[in-house]
file final14.csv (CSV, C-alpha atoms)
chain,number,residue,atom,x,y,z
A,1,MET,CA,127.1,75.9,-54.1
A,2,GLY,CA,126.5,75.4,-57.8
A,3,SER,CA,127.8,72.4,-59.8
A,4,SER,CA,127.6,71.2,-63.3
A,5,ARG,CA,128.5,67.8,-64.8
A,6,ARG,CA,128.1,65.8,-68.0
A,7,ILE,CA,129.3,62.6,-69.6
A,8,LEU,CA,130.2,62.7,-73.3
A,9,GLY,CA,130.9,59.4,-75.1
A,10,THR,CA,129.8,56.4,-77.0
A,11,LEU,CA,126.9,54.6,-75.4
A,12,GLY,CA,125.0,51.5,-76.4
A,13,LEU,CA,121.5,50.7,-75.2
A,14,LEU,CA,121.2,51.7,-71.6
A,15,SER,CA,118.3,51.7,-69.3
A,16,CYS,CA,117.4,53.5,-66.1
A,17,LEU,CA,114.7,52.3,-63.8
A,18,VAL,CA,113.3,53.2,-60.4
A,19,VAL,CA,112.5,49.9,-58.8
A,20,SER,CA,109.7,49.4,-56.3
A,21,VAL,CA,109.0,45.8,-55.6
A,22,SER,CA,107.7,43.6,-52.8
A,23,PRO,CA,110.0,41.0,-51.2
A,24,ALA,CA,108.1,38.3,-53.0
A,25,SER,CA,108.8,39.6,-56.5
A,26,GLY,CA,111.8,40.4,-58.6
A,27,ALA,CA,112.7,43.8,-60.0
A,28,PRO,CA,111.0,44.4,-63.3
A,29,SER,CA,113.0,44.2,-66.5
A,30,PRO,CA,114.4,47.6,-67.3
A,31,LYS,CA,113.1,49.4,-70.4
A,32,GLU,CA,116.0,50.2,-72.8
A,33,LEU,CA,116.7,53.8,-73.5
A,34,PRO,CA,119.2,55.3,-76.0
A,35,ARG,CA,121.4,56.9,-73.4
A,36,VAL,CA,121.8,57.4,-69.6
A,37,PRO,CA,124.5,60.0,-68.8
A,38,PHE,CA,126.4,60.2,-65.5
A,39,THR,CA,124.5,62.5,-63.1
A,40,GLU,CA,125.4,63.8,-59.6
A,41,ARG,CA,123.8,61.5,-57.0
A,42,TYR,CA,124.9,63.4,-53.9
A,43,GLN,CA,127.1,66.3,-52.9
A,44,ALA,CA,127.8,68.2,-49.7
A,45,VAL,CA,130.4,70.5,-48.1
A,46,LEU,CA,131.1,69.3,-44.6
A,47,HIS,CA,133.8,68.4,-42.0
A,48,GLY,CA,134.3,64.8,-42.9
A,49,GLY,CA,134.9,62.7,-46.0
A,50,LEU,CA,134.2,59.6,-48.1
A,51,VAL,CA,135.1,56.0,-47.4
A,52,ARG,CA,134.1,52.8,-49.2
A,53,ALA,CA,134.1,49.0,-49.0
A,54,SER,CA,134.2,46.7,-52.1
A,55,ASN,CA,134.6,43.2,-53.3
A,56,SER,CA,134.2,41.0,-56.4
A,57,ALA,CA,131.4,38.5,-56.5
A,58,ILE,CA,132.9,36.0,-58.9
A,59,GLY,CA,136.4,34.5,-59.4
A,60,CYS,CA,138.5,32.0,-61.3
A,61,ARG,CA,137.8,28.3,-61.0
A,62,ARG,CA,140.1,26.9,-63.8
A,63,GLN,CA,142.1,27.9,-66.9
A,64,GLU,CA,140.3,27.5,-70.3
A,65,SER,CA,143.0,29.1,-72.4
A,66,PRO,CA,146.4,27.3,-73.0
A,67,GLN,CA,148.3,30.6,-72.5
A,68,ALA,CA,146.6,31.4,-69.2
A,69,VAL,CA,148.4,31.3,-65.9
A,70,SER,CA,146.9,29.4,-62.9
A,71,CYS,CA,144.0,30.7,-60.9
A,72,ALA,CA,146.3,30.9,-57.9
A,73,GLU,CA,148.7,33.1,-59.7
A,74,VAL,CA,145.9,35.3,-60.9
A,75,GLY,CA,144.6,35.7,-57.4
A,76,ARG,CA,148.0,36.8,-56.3
A,77,GLY,CA,148.0,39.5,-59.0
A,78,ALA,CA,149.3,38.0,-62.2
A,79,ALA,CA,148.0,39.4,-65.5
A,80,GLY,CA,145.1,37.6,-66.9
A,81,VAL,CA,141.7,38.3,-68.4
A,82,ASN,CA,138.3,36.7,-67.4
A,83,GLY,CA,137.7,35.3,-70.9
A,84,ASP,CA,140.7,32.9,-70.4
A,85,PHE,CA,139.1,31.2,-67.4
A,86,GLU,CA,136.0,29.3,-66.2
A,87,MET,CA,134.5,31.6,-63.6
A,88,PHE,CA,132.5,30.6,-60.5
A,89,TYR,CA,130.9,32.4,-57.6
A,90,ASN,CA,132.9,33.6,-54.5
A,91,GLU,CA,131.1,32.2,-51.4
A,92,VAL,CA,132.4,33.0,-48.0
A,93,ASP,CA,129.4,32.6,-45.7
A,94,ALA,CA,128.0,29.3,-44.2
A,95,ASP,CA,124.5,29.9,-45.5
A,96,PRO,CA,123.3,27.1,-47.8
A,97,ASP,CA,120.7,29.4,-49.2
A,98,THR,CA,123.1,31.8,-50.8
A,99,TYR,CA,125.1,31.1,-54.0
A,100,ASN,CA,127.6,34.0,-53.8
A,101,SER,CA,128.7,36.1,-50.9
A,102,THR,CA,131.7,38.3,-50.2
A,103,ARG,CA,132.9,40.6,-47.4
A,104,ALA,CA,134.8,43.8,-47.0
A,105,ASP,CA,135.8,46.1,-44.1
A,106,LEU,CA,134.2,49.5,-44.0
A,107,ARG,CA,136.4,52.0,-42.1
A,108,ILE,CA,134.2,54.8,-40.8
A,109,PRO,CA,136.2,56.9,-38.3
A,110,GLN,CA,135.3,56.6,-34.7
A,111,GLY,CA,132.9,59.3,-33.6
A,112,ALA,CA,131.7,60.1,-37.2
A,113,ARG,CA,128.1,60.4,-38.3
A,114,VAL,CA,127.0,58.8,-41.6
A,115,SER,CA,125.6,61.5,-43.8
A,116,TYR,CA,124.8,59.3,-46.9
A,117,ALA,CA,125.5,55.7,-48.0
A,118,ARG,CA,124.9,54.1,-51.3
A,119,LEU,CA,125.4,50.4,-52.3
A,120,TYR,CA,126.3,49.7,-56.0
A,121,TRP,CA,126.4,46.2,-57.5
A,122,GLY,CA,126.5,44.9,-61.0
A,123,GLY,CA,128.0,42.4,-63.5
A,124,ASN,CA,127.6,40.4,-66.7
A,125,LEU,CA,124.4,38.3,-67.1
A,126,ARG,CA,125.5,36.4,-70.2
A,127,VAL,CA,128.5,34.0,-70.0
A,128,GLY,CA,128.2,30.2,-69.9
A,129,GLU,CA,124.7,30.8,-68.8
A,130,GLN,CA,122.1,33.6,-69.3
A,131,LYS,CA,120.9,35.0,-66.0
A,132,PRO,CA,117.5,36.7,-66.1
A,133,PRO,CA,117.5,40.4,-65.5
A,134,GLU,CA,114.6,40.3,-63.1
A,135,GLY,CA,117.1,39.5,-60.3
A,136,ASN,CA,119.2,42.6,-60.9
A,137,GLY,CA,117.5,44.8,-58.4
A,138,ARG,CA,117.9,42.6,-55.3
A,139,VAL,CA,120.8,41.6,-53.0
A,140,LEU,CA,121.1,40.5,-49.4
A,141,VAL,CA,123.3,42.6,-47.1
A,142,ALA,CA,124.6,41.8,-43.6
A,143,GLU,CA,125.9,44.5,-41.3
A,144,PRO,CA,128.9,43.8,-39.0
A,145,GLY,CA,127.8,40.9,-36.8
A,146,GLY,CA,124.3,41.0,-38.2
A,147,ALA,CA,122.0,38.8,-40.2
A,148,TYR,CA,121.1,39.2,-43.9
A,149,LYS,CA,118.5,41.9,-44.9
A,150,GLU,CA,117.0,42.3,-48.3
A,151,VAL,CA,118.1,45.4,-50.2
A,152,LEU,CA,116.1,46.5,-53.3
A,153,ALA,CA,117.5,48.8,-55.9
A,154,ASP,CA,116.0,52.2,-56.6
A,155,THR,CA,118.0,52.5,-59.8
A,156,VAL,CA,119.0,49.8,-62.4
A,157,MET,CA,121.0,50.4,-65.6
A,158,GLY,CA,121.5,47.8,-68.2
A,159,HIS,CA,123.5,47.5,-71.4
A,160,ARG,CA,123.6,44.6,-73.9
A,161,THR,CA,126.7,44.8,-76.1
A,162,ASP,CA,127.4,43.3,-79.5
A,163,ALA,CA,130.4,41.6,-78.1
A,164,GLY,CA,128.3,39.1,-76.2
A,165,SER,CA,128.0,40.6,-72.7
A,166,ASP,CA,124.8,41.6,-71.0
A,167,ALA,CA,126.0,44.0,-68.3
A,168,TYR,CA,124.1,46.0,-65.7
A,169,GLN,CA,124.6,48.1,-62.6
A,170,ALA,CA,122.1,48.6,-59.8
A,171,SER,CA,122.2,50.8,-56.6
A,172,ALA,CA,120.3,51.6,-53.5
A,173,ASP,CA,120.3,54.2,-50.8
A,174,VAL,CA,121.3,52.4,-47.7
A,175,THR,CA,121.9,55.3,-45.3
A,176,PRO,CA,119.7,54.1,-42.4
A,177,MET,CA,121.3,50.6,-42.6
A,178,VAL,CA,124.9,52.0,-42.5
A,179,ARG,CA,124.1,54.4,-39.7
A,180,GLU,CA,122.9,51.5,-37.6
A,181,GLY,CA,125.5,49.0,-38.7
A,182,GLY,CA,128.5,51.3,-38.6
A,183,ALA,CA,132.1,50.4,-39.2
A,184,GLY,CA,133.3,46.8,-39.6
A,185,VAL,CA,132.9,43.9,-42.0
A,186,TRP,CA,129.9,44.1,-44.4
A,187,THR,CA,128.7,41.1,-46.4
A,188,VAL,CA,126.8,41.2,-49.7
A,189,SER,CA,125.3,38.1,-51.3
A,190,GLN,CA,122.9,36.9,-54.0
A,191,LEU,CA,124.4,39.4,-56.6
A,192,ASN,CA,122.9,38.5,-60.0
A,193,VAL,CA,125.9,37.6,-62.2
A,194,ALA,CA,126.5,34.7,-64.6
A,195,MET,CA,129.1,32.1,-64.1
A,196,GLY,CA,131.0,29.9,-66.6
A,197,HIS,CA,133.2,30.6,-69.6
A,198,SER,CA,132.9,32.7,-72.7
A,199,GLU,CA,135.2,34.8,-74.8
A,200,VAL,CA,133.8,37.9,-73.1
A,201,GLY,CA,134.1,36.4,-69.7
A,202,ALA,CA,132.3,36.8,-66.4
A,203,TRP,CA,132.6,39.7,-63.9
A,204,GLY,CA,130.7,41.3,-61.1
A,205,GLY,CA,131.0,43.0,-57.7
A,206,TRP,CA,129.8,45.5,-55.2
A,207,THR,CA,130.9,48.8,-53.7
A,208,LEU,CA,129.5,50.6,-50.7
A,209,VAL,CA,130.2,54.4,-50.8
A,210,VAL,CA,129.7,56.3,-47.5
A,211,ALA,CA,129.9,60.1,-46.8
A,212,TYR,CA,130.5,60.9,-43.1
A,213,GLU,CA,130.8,64.0,-40.9
A,214,HIS,CA,133.4,64.4,-38.2
A,215,PRO,CA,134.0,67.7,-36.4
A,216,ARG,CA,137.8,67.1,-36.2
A,217,GLU,CA,138.3,66.6,-39.9
A,218,PRO,CA,138.9,69.4,-42.5
A,219,LEU,CA,136.1,71.1,-44.4
A,220,ARG,CA,135.7,69.2,-47.7
A,221,ARG,CA,133.5,69.1,-50.7
A,222,ILE,CA,132.4,65.6,-51.5
A,223,SER,CA,130.5,64.4,-54.6
A,224,LEU,CA,129.1,61.2,-55.9
A,225,TRP,CA,128.1,60.5,-59.5
A,226,ASP,CA,126.9,57.3,-61.2
A,227,GLY,CA,125.9,56.2,-64.7
A,228,PHE,CA,126.8,53.3,-67.0
A,229,GLU,CA,129.3,54.3,-69.7
A,230,ALA,CA,130.7,51.9,-72.3
A,231,LEU,CA,134.2,53.1,-73.0
A,232,GLU,CA,136.1,52.1,-76.1
A,233,ALA,CA,139.7,52.4,-77.1
A,234,ARG,CA,139.9,56.0,-78.3
A,235,ALA,CA,140.7,59.3,-76.7
A,236,GLY,CA,137.8,61.3,-75.3
A,237,ASP,CA,135.4,58.4,-74.8
A,238,GLY,CA,134.1,59.9,-71.6
A,239,VAL,CA,134.3,63.3,-69.9
A,240,VAL,CA,132.9,64.4,-66.6
A,241,GLU,CA,133.1,68.1,-65.8
A,242,VAL,CA,132.7,69.2,-62.2
A,243,ASP,CA,132.6,72.8,-61.0
A,244,GLY,CA,131.8,74.6,-57.7
A,245,LEU,CA,134.9,73.1,-55.9
A,246,ALA,CA,136.5,76.2,-54.4
A,247,ALA,CA,139.6,74.1,-53.6
A,248,PRO,CA,142.5,76.4,-52.4
A,249,PRO,CA,146.1,76.0,-53.7
A,250,GLY,CA,147.9,73.0,-52.1
A,251,SER,CA,144.6,71.1,-51.4
A,252,ALA,CA,144.4,67.4,-50.8
A,253,GLY,CA,141.8,65.2,-52.5
A,254,LYS,CA,140.9,61.8,-53.9
A,255,VAL,CA,138.9,60.4,-56.7
A,256,GLY,CA,137.3,56.9,-56.7
A,257,LEU,CA,136.1,54.8,-59.7
A,258,VAL,CA,134.0,51.7,-60.1
A,259,GLY,CA,134.5,49.9,-63.4
A,260,TYR,CA,133.5,46.6,-65.0
A,261,ASP,CA,135.4,44.3,-67.4
A,262,GLY,CA,138.7,46.1,-67.2
A,263,ASP,CA,141.5,43.6,-67.8
A,264,ARG,CA,144.8,43.4,-66.0
A,265,GLY,CA,147.6,43.6,-68.6
A,266,VAL,CA,145.4,44.9,-71.5
A,267,LEU,CA,146.7,48.4,-72.0
A,268,GLY,CA,145.3,51.6,-73.3
A,269,ASP,CA,142.8,52.8,-70.7
A,270,SER,CA,143.6,56.0,-68.8
A,271,LEU,CA,142.2,58.7,-66.5
A,272,THR,CA,143.2,62.3,-66.8
A,273,VAL,CA,142.2,65.3,-64.7
A,274,THR,CA,142.4,68.9,-65.9
A,275,SER,CA,141.8,71.9,-63.6
A,276,ASP,CA,140.4,75.2,-64.7
A,277,SER,CA,143.9,76.6,-64.7
A,278,GLY,CA,144.7,74.3,-67.6
A,279,ARG,CA,146.9,72.0,-65.5
A,280,ARG,CA,146.4,68.4,-66.8
A,281,VAL,CA,147.4,65.3,-64.7
A,282,THR,CA,147.4,61.7,-65.7
A,283,ILE,CA,146.1,59.6,-62.7
A,284,GLY,CA,147.7,56.3,-61.7
A,285,ASP,CA,149.7,54.7,-58.9
A,286,ALA,CA,151.9,51.6,-58.0
A,287,GLU,CA,148.9,49.2,-58.5
A,288,ASN,CA,147.2,51.0,-61.3
A,289,PRO,CA,149.6,52.0,-64.1
A,290,PHE,CA,148.8,55.1,-66.1
A,291,ASN,CA,148.0,53.1,-69.2
A,292,ASP,CA,146.2,50.2,-67.3
A,293,VAL,CA,144.1,52.1,-64.7
A,294,MET,CA,141.1,49.7,-64.9
A,295,ASN,CA,143.1,46.5,-64.2
A,296,SER,CA,140.8,44.5,-62.0
A,297,THR,CA,142.1,45.9,-58.7
A,298,ILE,CA,140.5,47.1,-55.4
A,299,THR,CA,143.0,49.6,-54.1
A,300,GLU,CA,143.4,52.9,-52.3
A,301,PHE,CA,146.4,55.1,-53.2
A,302,GLY,CA,148.1,52.1,-54.6
A,303,ASP,CA,147.7,50.0,-51.5
A,304,HIS,CA,145.2,47.4,-50.1
A,305,PRO,CA,144.3,49.1,-46.8
A,306,PHE,CA,141.1,47.2,-45.8
A,307,ALA,CA,140.4,43.5,-45.3
A,308,ARG,CA,138.3,41.6,-47.8
A,309,GLN,CA,137.2,38.0,-48.1
A,310,PRO,CA,138.2,36.7,-50.5
A,311,GLU,CA,141.1,39.1,-51.1
A,312,HIS,CA,142.2,38.6,-54.7
A,313,ILE,CA,144.6,41.1,-56.2
A,314,ASN,CA,143.4,40.5,-59.7
A,315,ASN,CA,139.6,40.5,-59.5
A,316,LEU,CA,139.2,39.5,-63.2
A,317,GLY,CA,136.9,42.3,-64.4
A,318,TYR,CA,135.9,44.3,-61.3
A,319,ASP,CA,137.6,47.6,-60.3
A,320,ALA,CA,137.0,49.8,-57.3
A,321,ASP,CA,140.0,52.1,-56.9
A,322,VAL,CA,140.7,55.3,-55.1
A,323,PHE,CA,143.4,57.6,-56.4
A,324,ASP,CA,145.3,60.6,-55.0
A,325,LEU,CA,143.9,63.8,-56.6
A,326,SER,CA,146.3,66.2,-54.9
A,327,PRO,CA,148.6,66.8,-57.9
A,328,ALA,CA,145.6,68.2,-59.9
A,329,LEU,CA,144.8,70.6,-57.0
A,330,SER,CA,148.3,72.0,-56.4
A,331,GLY,CA,147.3,75.4,-57.9
A,332,GLY,CA,143.7,75.2,-56.5
A,333,ALA,CA,140.6,74.5,-58.6
A,334,ARG,CA,137.2,75.8,-59.1
A,335,SER,CA,136.4,73.0,-61.6
A,336,LEU,CA,137.9,69.7,-62.7
A,337,ASN,CA,137.5,67.8,-65.9
A,338,PHE,CA,137.9,64.0,-65.7
A,339,GLY,CA,138.7,62.3,-69.0
A,340,PHE,CA,138.4,58.6,-69.6
A,341,LYS,CA,139.9,56.4,-72.3
A,342,GLY,CA,138.9,52.8,-72.8
A,343,GLU,CA,141.3,49.9,-73.2
A,344,SER,CA,141.6,48.0,-76.5
A,345,GLN,CA,138.9,45.5,-75.5
A,346,GLY,CA,136.7,48.2,-73.9
A,347,HIS,CA,135.2,48.4,-70.4
A,348,PHE,CA,132.3,49.9,-68.5
A,349,LEU,CA,132.4,52.9,-66.0
A,350,GLY,CA,129.8,52.9,-63.3
A,351,VAL,CA,130.6,55.2,-60.4
A,352,LEU,CA,132.8,58.3,-59.8
A,353,PHE,CA,133.3,60.0,-56.4
A,354,VAL,CA,135.4,63.0,-55.5
A,355,GLN,CA,136.7,64.5,-52.3
A,356,THR,CA,138.5,67.8,-52.2
A,357,ASP,CA,139.5,70.4,-49.5
A,358,ALA,CA,137.2,73.4,-49.4
A,359,ARG,CA,137.8,77.0,-48.5
A,360,ARG,CA,136.8,77.9,-45.0

call {"tool": "encode", "arguments": {"input": "final14.csv", "output": "structure tokens"}}
result
Amino acid sequence: MGSSRRILGTLGLLSCLVVSVSPASGAPSPKELPRVPFTERYQAVLHGGLVRASNSAIGCRRQESPQAVSCAEVGRGAAGVNGDFEMFYNEVDADPDTYNSTRADLRIPQGARVSYARLYWGGNLRVGEQKPPEGNGRVLVAEPGGAYKEVLADTVMGHRTDAGSDAYQASADVTPMVREGGAGVWTVSQLNVAMGHSEVGAWGGWTLVVAYEHPREPLRRISLWDGFEALEARAGDGVVEVDGLAAPPGSAGKVGLVGYDGDRGVLGDSLTVTSDSGRRVTIGDAENPFNDVMNSTITEFGDHPFARQPEHINNLGYDADVFDLSPALSGGARSLNFGFKGESQGHFLGVLFVQTDARR
């Protein structure tokens, strides 16, 4: 089946790098390029679907701004931006050799076979400290009930902004590891992010996206894209066009996003989907308002269906959300156009994945 896709928008200095390093060395510093567009990483038509696990690597330690609410209130979901707080690493394991670690439950259906799995991680390297970019391409990952294993990135993208951030996203194909580890609680540690306080603020996190096959599930088209788009506060900042869907009328579907430095309570960011019939739908739900979609949440259809540790509602600059795409598919679709608008302070878009019903 054919497909086409593109990202249009304002980009700063981005870099793309295939990393091949030994365990004793760090990932080399990425070479800056003028633009890295979103590209399709994986696509398939199969009986099965997509699942993901996510968490934020850094959280609030104390207020730095007089108008800020407490860290406890932010963790429970109060509006707040990372630049108003001193930020410090989330650490949930008992390993003295790790300086950040977080967990999340990956819900692969029983009896399913993992077709593809990719781990994404990223954050801001310049806050109260400047972290060296050489560490961007390495994390430690523990499967359910297992010990840490080193994971090295095959792709690293970086972007230094004029506003003071030094952001990046890295990713790795972890299909064999997830096939072996399966469903359950996954732990990711040693994610390279800076702590401290600055006007821009600290942020960072990880998302594991998994495509699976299961003979009892509907036939679906699944697609995964990644890039590193700097979105600003104007319409048409980013557009992804996807074709080859063959979704019949009344289809079900979902779309997932990973974003960085989106602020809860800072309005203006949005996601719209337009089908080839011309029907345009604005995406949002109970936890992600239509004008504040990138609001530092980790949700699915407006709920929190899987366990995380820690389990903050406001993740202060890290988003990994899954939305219901069915309203955009009510009349069927051969193609979908995803449009992104940045919030007033801007944010980064790193991952897009789509699941739709397919014709038999």

call {"tool": "residues_around", "arguments": {"input": "final14.csv", "residues": "region 274-288 of chain A", "least_positions_apart": "2", "cutoff": "9 Å", "atoms": "all atoms listed in the file", "output": "MDAnalysis selection string"}}
result
chainID A and resid 243 270:272 290:295 297 299 301:303 321 323:325 327:329 331:339

call {"tool": "atom_distance", "arguments": {"input": "final14.csv", "atom1": "CA of Ala68 (chain A)", "atom2": "CA of Arg308 (chain A)"}}
result
25.1 Å

call {"tool": "residues_around", "arguments": {"input": "final14.csv", "residues": "Leu349 (chain A)", "least_positions_apart": "3", "cutoff": "9 Å", "atoms": "all atoms listed in the file", "output": "list in words"}}
result
Asp226, Gly227, Phe228, Glu229, Ala230, Leu231, Leu257, Val258, Gly259, Tyr260 and Leu352 of chain A

call {"tool": "atom_distance", "arguments": {"input": "final14.csv", "atom1": "CA of Arg107 (chain A)", "atom2": "CA of Glu300 (chain A)"}}
result
12.4 Å

call {"tool": "atom_distance", "arguments": {"input": "final14.csv", "atom1": "CA of Ala163 (chain A)", "atom2": "CA of Asp263 (chain A)"}}
result
15.3 Å

call {"tool": "closest_atom_pairs", "arguments": {"input": "final14.csv", "of": "region 158-216 of chain A", "to": "region 120-141 of chain A", "cutoff": "7 Å", "atoms": "all atoms listed in the file", "output": "CSV"}}
result
residue,atom,partner,partner_atom,distance
A:Ser165,CA,A:Arg126,CA,5.5
A:Asp166,CA,A:Leu125,CA,5.1
A:Ala167,CA,A:Asn124,CA,4.3
A:Tyr168,CA,A:Gly122,CA,5.4
A:Gln169,CA,A:Gly122,CA,4.1
A:Ala170,CA,A:Trp121,CA,5.4
A:Ser171,CA,A:Tyr120,CA,4.3
A:Ala172,CA,A:Tyr120,CA,6.8
A:Thr187,CA,A:Val141,CA,5.6
A:Val188,CA,A:Val141,CA,4.6
A:Ser189,CA,A:Leu140,CA,5.2
A:Gln190,CA,A:Val139,CA,5.2
A:Leu191,CA,A:Val139,CA,5.5
A:Asn192,CA,A:Asn136,CA,5.6
A:Val193,CA,A:Leu125,CA,5.2
A:Ala194,CA,A:Leu125,CA,4.9
A:Met195,CA,A:Gly128,CA,6.2
A:Gly196,CA,A:Gly128,CA,4.3
A:His197,CA,A:Gly128,CA,5.0
A:Ser198,CA,A:Val127,CA,5.3
A:Gly201,CA,A:Val127,CA,6.1
A:Ala202,CA,A:Asn124,CA,5.9
A:Trp203,CA,A:Gly123,CA,5.3
A:Gly204,CA,A:Gly123,CA,3.8
A:Gly205,CA,A:Trp121,CA,5.6
A:Trp206,CA,A:Trp121,CA,4.2
A:Thr207,CA,A:Tyr120,CA,5.2
A:Leu208,CA,A:Tyr120,CA,6.3

call {"tool": "closest_residue", "arguments": {"input": "final14.csv", "among": "A:Arg264, A:His347, A:Arg113, A:Arg41", "to": "Ile313 (chain A)", "atoms": "only C-alpha atoms"}}
result
A:Arg264

call {"tool": "decode", "arguments": {"input": "final14.csv", "residues": "region 199-222 of chain A", "atoms": "N, CA and C atoms", "output": "mmCIF file, in the first residue's frame"}}
result
data_model
loop_
_atom_site.group_PDB
_atom_site.id
_atom_site.type_symbol
_atom_site.label_atom_id
_atom_site.label_comp_id
_atom_site.auth_asym_id
_atom_site.auth_seq_id
_atom_site.Cartn_x
_atom_site.Cartn_y
_atom_site.Cartn_z
ATOM 1 N N GLU A 199 14.256 30.181 33.316
ATOM 2 C CA GLU A 199 12.996 30.703 32.769
ATOM 3 C C GLU A 199 12.374 29.724 31.791
ATOM 4 N N VAL A 200 13.208 29.047 31.023
ATOM 5 C CA VAL A 200 12.707 28.056 30.064
ATOM 6 C C VAL A 200 12.217 26.802 30.777
ATOM 7 N N GLY A 201 12.936 26.336 31.783
ATOM 8 C CA GLY A 201 12.515 25.182 32.564
ATOM 9 C C GLY A 201 13.099 23.873 32.074
ATOM 10 N N ALA A 202 13.028 22.883 32.948
ATOM 11 C CA ALA A 202 13.515 21.538 32.651
ATOM 12 C C ALA A 202 12.358 20.651 32.227
ATOM 13 N N TRP A 203 12.651 19.707 31.311
ATOM 14 C CA TRP A 203 11.658 18.707 30.936
ATOM 15 C C TRP A 203 12.375 17.510 30.345
ATOM 16 N N GLY A 204 11.689 16.376 30.311
ATOM 17 C CA GLY A 204 12.246 15.177 29.698
ATOM 18 C C GLY A 204 11.408 13.963 30.022
ATOM 19 N N GLY A 205 11.482 12.953 29.159
ATOM 20 C CA GLY A 205 10.726 11.733 29.399
ATOM 21 C C GLY A 205 10.965 10.707 28.322
ATOM 22 N N TRP A 206 10.227 9.597 28.400
ATOM 23 C CA TRP A 206 10.399 8.491 27.457
ATOM 24 C C TRP A 206 9.046 7.876 27.099
ATOM 25 N N THR A 207 8.983 7.314 25.900
ATOM 26 C CA THR A 207 7.786 6.614 25.430
ATOM 27 C C THR A 207 8.210 5.391 24.638
ATOM 28 N N LEU A 208 7.620 4.259 24.981
ATOM 29 C CA LEU A 208 7.843 3.000 24.275
ATOM 30 C C LEU A 208 6.596 2.706 23.444
ATOM 31 N N VAL A 209 6.732 2.704 22.109
ATOM 32 C CA VAL A 209 5.619 2.453 21.189
ATOM 33 C C VAL A 209 5.770 1.050 20.622
ATOM 34 N N VAL A 210 4.691 0.252 20.698
ATOM 35 C CA VAL A 210 4.754 -1.157 20.305
ATOM 36 C C VAL A 210 3.608 -1.486 19.351
ATOM 37 N N ALA A 211 3.945 -2.045 18.191
ATOM 38 C CA ALA A 211 2.960 -2.608 17.270
ATOM 39 C C ALA A 211 2.895 -4.116 17.505
ATOM 40 N N TYR A 212 1.684 -4.656 17.550
ATOM 41 C CA TYR A 212 1.525 -6.083 17.821
ATOM 42 C C TYR A 212 0.510 -6.703 16.870
ATOM 43 N N GLU A 213 0.599 -8.018 16.704
ATOM 44 C CA GLU A 213 -0.357 -8.790 15.924
ATOM 45 C C GLU A 213 -1.135 -9.717 16.851
ATOM 46 N N HIS A 214 -2.446 -9.814 16.582
ATOM 47 C CA HIS A 214 -3.298 -10.731 17.342
ATOM 48 C C HIS A 214 -4.418 -11.200 16.419
ATOM 49 N N PRO A 215 -4.567 -12.510 16.214
ATOM 50 C CA PRO A 215 -5.530 -13.005 15.217
ATOM 51 C C PRO A 215 -6.981 -12.663 15.523
ATOM 52 N N ARG A 216 -7.310 -12.360 16.758
ATOM 53 C CA ARG A 216 -8.698 -12.079 17.115
ATOM 54 C C ARG A 216 -9.061 -10.596 17.026
ATOM 55 N N GLU A 217 -8.094 -9.749 16.670
ATOM 56 C CA GLU A 217 -8.368 -8.318 16.583
ATOM 57 C C GLU A 217 -8.655 -7.915 15.140
ATOM 58 N N PRO A 218 -9.331 -6.762 14.940
ATOM 59 C CA PRO A 218 -9.670 -6.323 13.582
ATOM 60 C C PRO A 218 -8.441 -6.052 12.729
ATOM 61 N N LEU A 219 -8.648 -6.043 11.416
ATOM 62 C CA LEU A 219 -7.596 -5.651 10.492
ATOM 63 C C LEU A 219 -7.417 -4.144 10.580
ATOM 64 N N ARG A 220 -6.179 -3.706 10.820
ATOM 65 C CA ARG A 220 -5.906 -2.287 11.027
ATOM 66 C C ARG A 220 -4.657 -1.868 10.267
ATOM 67 N N ARG A 221 -4.638 -0.586 9.919
ATOM 68 C CA ARG A 221 -3.420 0.013 9.379
ATOM 69 C C ARG A 221 -2.772 0.808 10.501
ATOM 70 N N ILE A 222 -1.530 0.539 10.778
ATOM 71 C CA ILE A 222 -0.817 1.240 11.838
ATOM 72 C C ILE A 222 0.415 1.902 11.251
#
